[in-house]
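What follows is my_file_35.txt (compact mmCIF, C-alpha atoms (C1' of nucleotides)).
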```
# COMPACT_ATOMS: atom_id res chain seq x y z
CA MET R 1 -9.85 -24.67 -18.22
CA LYS R 2 -11.16 -27.65 -20.13
CA HIS R 3 -9.28 -29.86 -17.73
CA THR R 4 -10.83 -28.22 -14.74
CA ILE R 5 -14.32 -28.62 -16.20
CA LEU R 6 -13.69 -32.26 -16.99
CA ILE R 7 -12.31 -32.94 -13.54
CA PHE R 8 -15.24 -31.29 -11.81
CA SER R 9 -17.72 -33.09 -14.04
CA ALA R 10 -16.13 -36.41 -13.24
CA LEU R 11 -16.09 -35.52 -9.57
CA SER R 12 -19.76 -34.55 -9.60
CA ILE R 13 -20.73 -37.80 -11.26
CA GLY R 14 -18.57 -39.76 -8.86
CA LEU R 15 -20.11 -37.92 -5.97
CA LEU R 16 -23.63 -38.71 -7.14
CA CYS R 17 -22.69 -42.36 -7.46
CA LEU R 18 -21.32 -42.24 -3.95
CA PHE R 19 -24.55 -40.70 -2.69
CA ARG R 20 -26.62 -43.48 -4.22
CA LEU R 21 -24.14 -46.03 -3.00
CA SER R 22 -24.22 -44.58 0.48
CA LYS R 23 -28.01 -44.74 0.62
CA TYR R 24 -28.00 -48.30 -0.60
CA SER R 25 -25.19 -49.45 1.64
CA TYR R 26 -26.61 -47.60 4.62
CA LEU R 27 -29.78 -49.53 4.23
CA SER R 28 -28.16 -52.83 3.45
CA GLY R 29 -25.30 -52.28 5.87
CA SER R 30 -22.80 -53.78 3.42
CA ILE R 31 -20.54 -50.73 3.43
CA ALA R 32 -20.11 -48.48 6.38
CA ILE R 33 -20.98 -44.83 5.83
CA GLU R 34 -17.67 -43.91 7.34
CA ILE R 35 -15.82 -45.46 4.43
CA ILE R 36 -17.80 -43.36 1.99
CA LEU R 37 -16.88 -40.30 3.98
CA VAL R 38 -13.23 -41.25 4.02
CA VAL R 39 -13.23 -41.75 0.25
CA VAL R 40 -14.84 -38.37 -0.30
CA ALA R 41 -12.42 -36.76 2.09
CA VAL R 42 -9.38 -38.28 0.44
CA VAL R 43 -10.51 -37.42 -3.08
CA PHE R 44 -11.22 -33.82 -2.25
CA PHE R 45 -8.09 -33.48 -0.18
CA THR R 46 -6.05 -34.73 -3.13
CA LEU R 47 -7.88 -32.39 -5.45
CA GLY R 48 -7.17 -29.54 -3.08
CA LEU R 49 -3.48 -30.40 -3.02
CA PHE R 50 -3.46 -30.63 -6.80
CA LEU R 51 -5.01 -27.23 -7.28
CA LYS R 52 -2.92 -25.70 -4.53
CA LYS R 53 0.30 -26.98 -6.06
CA LYS R 54 -0.13 -24.75 -9.06
CA GLU R 55 0.06 -21.71 -6.86
CA ALA R 56 2.71 -23.13 -4.58
CA ILE R 57 5.57 -23.22 -7.05
CA TRP R 58 6.89 -19.82 -6.18
CA GLU R 59 6.51 -20.54 -2.50
CA ASN R 60 9.51 -22.82 -2.74
CA VAL R 61 11.56 -19.93 -3.97
CA ARG R 62 11.25 -18.32 -0.58
CA SER R 63 14.27 -20.23 0.58
CA PRO R 64 17.12 -18.24 2.04
CA GLU R 65 19.43 -16.29 -0.23
CA VAL R 66 17.45 -16.77 -3.39
CA ASP R 67 17.07 -13.61 -5.37
CA LYS R 68 13.53 -13.83 -6.67
CA TYR R 69 13.81 -10.48 -8.33
CA LYS R 70 16.70 -11.60 -10.50
CA ILE R 71 14.78 -14.62 -11.68
CA GLN R 72 12.05 -12.46 -13.10
CA GLN R 73 14.56 -9.98 -14.41
CA LEU R 74 16.16 -12.77 -16.41
CA GLY R 75 12.78 -13.62 -17.85
CA LEU R 76 12.77 -17.08 -16.35
CA SER R 77 9.27 -18.47 -16.07
CA LYS R 78 8.06 -20.59 -13.18
CA ARG R 79 8.39 -23.81 -15.07
CA GLU R 80 11.79 -22.93 -16.43
CA TYR R 81 13.07 -22.15 -12.97
CA GLN R 82 11.60 -25.39 -11.70
CA VAL R 83 13.41 -27.31 -14.42
CA LEU R 84 16.60 -25.43 -13.65
CA LEU R 85 16.33 -26.60 -10.05
CA GLU R 86 16.07 -30.22 -11.13
CA VAL R 87 18.91 -29.78 -13.60
CA SER R 88 21.07 -28.48 -10.79
CA LYS R 89 20.46 -31.73 -8.96
CA GLY R 90 22.06 -33.63 -11.80
CA LEU R 91 18.92 -35.23 -13.16
CA SER R 92 18.67 -36.13 -16.82
CA ASN R 93 15.97 -34.70 -19.03
CA LYS R 94 14.11 -37.98 -18.88
CA GLU R 95 14.25 -38.08 -15.10
CA ILE R 96 13.03 -34.51 -14.83
CA ALA R 97 10.26 -35.32 -17.27
CA ASP R 98 9.10 -38.22 -15.12
CA LYS R 99 9.33 -36.15 -11.97
CA LEU R 100 7.28 -33.29 -13.38
CA PHE R 101 4.85 -35.53 -15.29
CA VAL R 102 5.62 -34.15 -18.72
CA THR R 103 7.50 -35.50 -21.72
CA GLU R 104 11.19 -35.24 -22.37
CA SER R 105 10.47 -32.93 -25.30
CA THR R 106 8.98 -30.40 -22.96
CA ILE R 107 11.95 -30.53 -20.67
CA LYS R 108 14.26 -30.06 -23.61
CA THR R 109 12.38 -26.98 -24.61
CA HIS R 110 12.58 -25.57 -21.10
CA VAL R 111 16.25 -26.36 -20.74
CA SER R 112 17.00 -24.74 -24.07
CA ASN R 113 15.18 -21.61 -22.98
CA VAL R 114 17.04 -21.58 -19.69
CA LEU R 115 20.36 -21.87 -21.49
CA LEU R 116 19.41 -18.97 -23.70
CA LYS R 117 18.27 -16.76 -20.84
CA LEU R 118 21.26 -17.56 -18.68
CA ASP R 119 23.62 -17.28 -21.64
CA ALA R 120 25.07 -20.73 -21.05
CA LYS R 121 26.30 -23.30 -23.52
CA ARG R 122 25.73 -26.36 -21.38
CA ARG R 123 23.40 -27.16 -18.52
CA ILE R 124 26.29 -27.40 -16.12
CA GLN R 125 27.30 -23.86 -17.01
CA ALA R 126 23.74 -22.74 -16.47
CA VAL R 127 23.87 -24.15 -12.97
CA ARG R 128 27.14 -22.35 -12.32
CA ILE R 129 25.75 -19.06 -13.55
CA ALA R 130 22.56 -19.54 -11.60
CA LYS R 131 24.57 -20.04 -8.44
CA LYS R 132 26.63 -16.96 -9.12
CA LEU R 133 23.46 -14.97 -9.62
CA GLN R 134 22.23 -16.48 -6.37
CA ILE R 135 19.02 -17.67 -7.89
CA ILE R 136 19.67 -21.24 -6.71
CA ASN R 137 21.38 -22.69 -3.66
CA THR R 138 24.28 -25.08 -3.12
CA MET P 1 61.39 -37.46 -17.25
CA LYS P 2 62.26 -37.90 -20.89
CA HIS P 3 60.36 -34.76 -21.61
CA THR P 4 62.38 -32.79 -19.16
CA ILE P 5 65.64 -34.01 -20.65
CA LEU P 6 64.49 -33.17 -24.15
CA ILE P 7 63.32 -29.75 -23.12
CA PHE P 8 66.58 -28.96 -21.36
CA SER P 9 68.58 -30.19 -24.31
CA ALA P 10 66.60 -28.04 -26.69
CA LEU P 11 66.96 -25.10 -24.35
CA SER P 12 70.70 -25.54 -24.07
CA ILE P 13 71.06 -25.61 -27.82
CA GLY P 14 68.79 -22.61 -28.17
CA LEU P 15 70.78 -20.81 -25.56
CA LEU P 16 74.03 -21.49 -27.36
CA CYS P 17 72.55 -20.17 -30.56
CA LEU P 18 71.46 -17.05 -28.72
CA PHE P 19 74.96 -16.60 -27.35
CA ARG P 20 76.43 -16.74 -30.80
CA LEU P 21 73.71 -14.50 -32.12
CA SER P 22 74.28 -12.03 -29.35
CA LYS P 23 77.98 -11.82 -30.05
CA TYR P 24 77.33 -11.33 -33.72
CA SER P 25 74.60 -8.82 -33.31
CA TYR P 26 76.48 -6.98 -30.61
CA LEU P 27 79.31 -6.45 -33.02
CA SER P 28 77.15 -5.68 -36.01
CA GLY P 29 74.63 -3.73 -34.00
CA SER P 30 71.76 -5.24 -35.96
CA ILE P 31 70.00 -6.55 -32.86
CA ALA P 32 70.14 -4.87 -29.52
CA ILE P 33 71.54 -6.99 -26.69
CA GLU P 34 68.49 -6.06 -24.67
CA ILE P 35 66.22 -7.96 -27.00
CA ILE P 36 68.33 -11.07 -26.58
CA LEU P 37 68.05 -10.66 -22.85
CA VAL P 38 64.31 -10.21 -23.04
CA VAL P 39 63.94 -13.35 -25.15
CA VAL P 40 66.01 -15.36 -22.70
CA ALA P 41 64.07 -13.96 -19.80
CA VAL P 42 60.71 -14.75 -21.35
CA VAL P 43 61.72 -18.27 -22.38
CA PHE P 44 63.03 -19.18 -18.97
CA PHE P 45 60.20 -17.52 -17.19
CA THR P 46 57.78 -19.58 -19.27
CA LEU P 47 59.79 -22.70 -18.62
CA GLY P 48 59.73 -21.93 -14.94
CA LEU P 49 56.00 -21.56 -14.99
CA PHE P 50 55.66 -24.78 -16.97
CA LEU P 51 57.75 -26.82 -14.60
CA LYS P 52 56.20 -25.20 -11.58
CA LYS P 53 52.75 -26.03 -12.81
CA LYS P 54 53.42 -29.74 -12.64
CA GLU P 55 54.16 -29.47 -8.97
CA ALA P 56 51.51 -26.88 -8.42
CA ILE P 57 48.57 -29.12 -9.15
CA TRP P 58 48.12 -30.17 -5.60
CA GLU P 59 48.99 -26.67 -4.42
CA ASN P 60 45.69 -25.50 -5.79
CA VAL P 61 44.02 -27.97 -3.56
CA ARG P 62 45.26 -26.00 -0.60
CA SER P 63 42.44 -23.60 -1.12
CA PRO P 64 40.11 -23.11 1.79
CA GLU P 65 37.69 -25.86 2.72
CA VAL P 66 39.02 -28.50 0.36
CA ASP P 67 39.39 -31.88 1.97
CA LYS P 68 42.57 -33.23 0.43
CA TYR P 69 42.37 -36.37 2.50
CA LYS P 70 39.01 -37.33 1.03
CA ILE P 71 40.34 -36.95 -2.50
CA GLN P 72 42.94 -39.59 -1.89
CA GLN P 73 40.52 -41.71 0.03
CA LEU P 74 38.25 -41.79 -2.99
CA GLY P 75 41.18 -42.95 -5.08
CA LEU P 76 41.10 -39.89 -7.29
CA SER P 77 44.42 -39.32 -9.01
CA LYS P 78 45.89 -35.87 -9.61
CA ARG P 79 44.84 -35.81 -13.20
CA GLU P 80 41.38 -37.05 -12.48
CA TYR P 81 40.91 -34.37 -9.86
CA GLN P 82 42.24 -31.79 -12.25
CA VAL P 83 39.73 -32.87 -14.87
CA LEU P 84 36.98 -32.81 -12.27
CA LEU P 85 37.84 -29.20 -11.53
CA GLU P 86 37.47 -28.27 -15.18
CA VAL P 87 34.27 -30.22 -15.47
CA SER P 88 32.89 -28.27 -12.56
CA LYS P 89 33.52 -25.09 -14.53
CA GLY P 90 31.17 -26.32 -17.21
CA LEU P 91 33.78 -27.01 -19.87
CA SER P 92 33.16 -29.67 -22.50
CA ASN P 93 35.48 -32.62 -22.91
CA LYS P 94 36.97 -31.00 -25.98
CA GLU P 95 37.61 -27.74 -24.18
CA ILE P 96 39.23 -29.51 -21.27
CA ALA P 97 41.35 -31.50 -23.69
CA ASP P 98 42.61 -28.32 -25.33
CA LYS P 99 43.25 -26.69 -21.99
CA LEU P 100 45.28 -29.62 -20.68
CA PHE P 101 46.98 -30.35 -24.01
CA VAL P 102 45.69 -33.90 -24.38
CA THR P 103 43.09 -35.52 -26.61
CA GLU P 104 39.39 -35.77 -25.98
CA SER P 105 39.75 -39.55 -25.58
CA THR P 106 41.95 -39.04 -22.59
CA ILE P 107 39.50 -36.67 -20.97
CA LYS P 108 36.70 -39.12 -21.57
CA THR P 109 38.69 -41.81 -19.82
CA HIS P 110 39.37 -39.54 -16.86
CA VAL P 111 35.78 -38.38 -16.62
CA SER P 112 34.55 -41.96 -16.75
CA ASN P 113 36.89 -42.87 -13.91
CA VAL P 114 35.76 -39.88 -11.89
CA LEU P 115 32.12 -40.85 -12.38
CA LEU P 116 32.92 -44.35 -11.18
CA LYS P 117 34.84 -43.21 -8.13
CA LEU P 118 32.29 -40.61 -7.16
CA ASP P 119 29.43 -42.97 -7.91
CA ALA P 120 27.77 -40.51 -10.26
CA LYS P 121 25.79 -41.11 -13.41
CA ARG P 122 26.46 -37.79 -15.05
CA ARG P 123 29.20 -35.20 -14.79
CA ILE P 124 26.85 -32.73 -13.23
CA GLN P 125 26.09 -35.21 -10.49
CA ALA P 126 29.79 -35.75 -9.96
CA VAL P 127 30.19 -32.03 -9.41
CA ARG P 128 27.36 -32.05 -6.90
CA ILE P 129 28.81 -34.96 -5.01
CA ALA P 130 32.27 -33.44 -5.09
CA LYS P 131 30.87 -30.28 -3.55
CA LYS P 132 29.07 -32.21 -0.87
CA LEU P 133 32.27 -34.04 -0.06
CA GLN P 134 33.94 -30.65 0.01
CA ILE P 135 36.63 -31.66 -2.40
CA ILE P 136 35.84 -28.73 -4.69
CA ASN P 137 34.64 -25.17 -4.07
CA THR P 138 31.79 -22.97 -5.23
C1' DC V 1 65.41 -53.42 -11.97
C1' DC V 2 60.49 -54.67 -11.06
C1' DG V 3 55.77 -54.24 -10.26
C1' DT V 4 52.07 -51.20 -9.70
C1' DA V 5 49.55 -47.13 -10.60
C1' DT V 6 49.06 -43.33 -13.63
C1' DT V 7 48.52 -41.20 -17.83
C1' DT V 8 47.57 -41.13 -22.43
C1' DG V 9 45.18 -42.66 -26.49
C1' DG V 10 42.28 -45.40 -29.73
C1' DT V 11 37.88 -47.72 -31.66
C1' DA V 12 33.20 -48.60 -31.64
C1' DC V 13 28.81 -48.10 -29.84
C1' DT V 14 24.86 -46.18 -27.10
C1' DT V 15 22.78 -42.60 -24.69
C1' DT V 16 21.95 -38.02 -23.55
C1' DC V 17 21.85 -33.14 -24.80
C1' DG V 18 20.90 -29.26 -27.43
C1' DT V 19 18.86 -26.75 -31.56
C1' DA V 20 15.44 -25.62 -34.82
C1' DT V 21 10.89 -25.44 -36.06
C1' DG V 22 6.11 -25.75 -35.80
C1' DA V 23 1.85 -26.16 -33.47
C1' DG V 24 -2.08 -26.66 -30.14
C1' DT V 25 -3.86 -25.12 -25.59
C1' DG V 26 -4.70 -22.36 -21.41
C1' DC V 27 -4.80 -18.10 -19.25
C1' DA V 28 -4.82 -13.29 -18.19
C1' DA V 29 -4.55 -8.57 -19.42
C1' DA V 30 -5.76 -5.02 -22.57
C1' DT T 1 -12.53 -10.79 -27.45
C1' DT T 2 -8.21 -10.37 -29.17
C1' DT T 3 -3.50 -10.61 -28.12
C1' DG T 4 0.52 -12.15 -25.99
C1' DC T 5 2.84 -15.21 -22.96
C1' DA T 6 3.53 -19.67 -20.79
C1' DC T 7 3.28 -24.45 -21.27
C1' DT T 8 3.12 -28.60 -23.67
C1' DC T 9 4.59 -31.79 -27.30
C1' DA T 10 6.57 -33.62 -31.63
C1' DT T 11 10.10 -34.53 -35.16
C1' DA T 12 14.50 -34.46 -36.99
C1' DC T 13 19.17 -33.56 -36.81
C1' DG T 14 23.81 -32.88 -35.07
C1' DA T 15 26.83 -32.51 -31.14
C1' DA T 16 28.39 -34.07 -26.64
C1' DA T 17 28.79 -37.33 -23.30
C1' DG T 18 29.45 -41.81 -21.59
C1' DT T 19 30.71 -47.07 -21.79
C1' DA T 20 33.54 -50.91 -22.77
C1' DC T 21 37.69 -52.70 -23.93
C1' DC T 22 42.11 -52.44 -25.13
C1' DA T 23 47.07 -51.02 -25.46
C1' DA T 24 51.31 -48.68 -24.52
C1' DA T 25 54.51 -45.33 -22.36
C1' DT T 26 55.74 -43.36 -18.13
C1' DA T 27 56.28 -42.50 -13.10
C1' DC T 28 57.50 -44.06 -8.84
C1' DG T 29 58.39 -46.59 -4.70
C1' DG T 30 60.74 -50.56 -3.00
```
Output the structure of this file as C-alpha cells.
Amino acid sequence: MKHTILIFSALSIGLLCLFRLSKYSYLSGSIAIEIILVVVAVVFFTLGLFLKKKEAIWENVRSPEVDKYKIQQLGLSKREYQVLLEVSKGLSNKEIADKLFVTESTIKTHVSNVLLKLDAKRRIQAVRIAKKLQIINT
Amino acid sequence: MKHTILIFSALSIGLLCLFRLSKYSYLSGSIAIEIILVVVAVVFFTLGLFLKKKEAIWENVRSPEVDKYKIQQLGLSKREYQVLLEVSKGLSNKEIADKLFVTESTIKTHVSNVLLKLDAKRRIQAVRIAKKLQIINT
DNA sequence: CCGTATTTGGTACTTTCGTATGAGTGCAAA
DNA sequence: TTTGCACTCATACGAAAGTACCAAATACGG
C-alpha cells in the first residue's frame, strides 16, 4: 500500500507541475497543449496497465486444457505458478528474475516451493509433473 | 564385438559347468534338474534381452509421432538420443549414468553434445526444442 | 586394413540450482 | 486490529550441471 501511496503522490505532484507548465506554455506557445495531454494520457495509461496486470495474472490461466482447480488444490500461489511457467520454457533463475523484475533469490524461493508442492527433485521433473497434471501446456 | 565374444565364452564355460553339475546332482539327487533348467532359462533369457536391447534402441523411436529423419539430420547419435530421452524424464546425470551403466563424465559429454546440436543452453531447453521438433514425446 | 564417427572417460573450472534459514512488507479475512 | 498467507530478499552452503580439452578403445563402412 505504501507503494501505491507513493506512486499517487508522485503522480499528483507531476500533474500539478504539468498544469502549471501547460498554463505557462499555453501563454508562451513554446509547448503545444496537445503534447501535455499526450504525456498525461501515456502516463495514466501505463499506470492503468500496471495496476491491471496485478489482477490479470490468473487471466492467462484461462488457456485451453489448463486445470485451474488443480493448481489451487496443490497450493500453488499465483507467483509460483507464474514462475513454473517460465521454468517450463527453459529459462534460468536469473532470466526469470529479470523477466519478472525481481531478484534471483526470490525466484529460487519460488522454485523451491514449487518443487516441494509438486513433489519434484529437479525443475525439469516439476515441468513433467505439471504437464501430467495438465496445469501447464506443451 | 570383444564384449560379445567374452560374454559367449563365459557363457559356454558356465554352461559346461552346469552340465557337469547337472549330471552330478541328478545322480546324487542333491539338486533337482528343474532348478538347473530354470537357471539356464533365466540366464539365456537375460542374455537375450541384453543383446536385443542394443538393437532395440532405435526401435523405441518407432513410437508414434517421432521424426526419426530429423534426429539423424541434427546429427544426433544413438547414444546421444538415448541420453536425451532420459534427460527429458527429469533424471540427473548421475541417475542416467547408473541407468545406462556408464560414468557421469560420459553422460556429461553426451548432454553437452546434445545441447550443441539442439542449440540449447540448458537441458530443459533441449527437451523443449526436441519436443517442438517432434523427436521426443510427451 | 584404414579412416571416420561413436562411445567412453578423465581433469579442471565456472555456472547454475537447490536447500535452509531468517526477516521485512503488503494484504485480506476473521 | 490481529493473524495468517503471499511475496520479496539475503546469505551461506552443497549439489548438479555445463564447458573445454584431451585421450583412447571400439564400431563400421569402404
**Study point:** Shell of 9 Å around segment 110-115 of chain P, only C-alpha atoms (C1' of nucleotides), local chain residues under 3 positions omitted, as a list in words
**Key:**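 Listed by chain and then number, they are Leu76, Arg79, Glu80, Tyr81, Val83, Leu84, Val87, Asn93, Ser105, Thr106, Ile107, Leu118, Asp119, Ala120, Lys121, Arg122, Arg123, Gln125 and Ala126 of chain P; DG18 and DT19 of chain T.
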Practice item. May I have the residues of chain V within 9 Å of chain R, counting all atoms listed in the file, written as a VMD selection string? Key: chain V and resid 16 to 19 26 to 27
**Study point:** Pairwise distance for atom CA of Thr103 of chain P and atom C1' of DT8 of chain V, rounded to one decimal in Å
**Key:**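 Result for atom CA of Thr103 of chain P versus atom C1' of DT8 of chain V: 8.3 Å, one decimal.
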Point to revise | d(atom CA of Glu95 of chain P, atom CA of Lys78 of chain P) in Å | key: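 Atom CA of Lys78 of chain P lies 18.6 Å from atom CA of Glu95 of chain P.
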Review point. How many Å lie between atom C1' of DT3 of chain T and atom CA of Gln73 of chain R, rounded to one decimal?
Key: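 So the answer is 22.7 Å.
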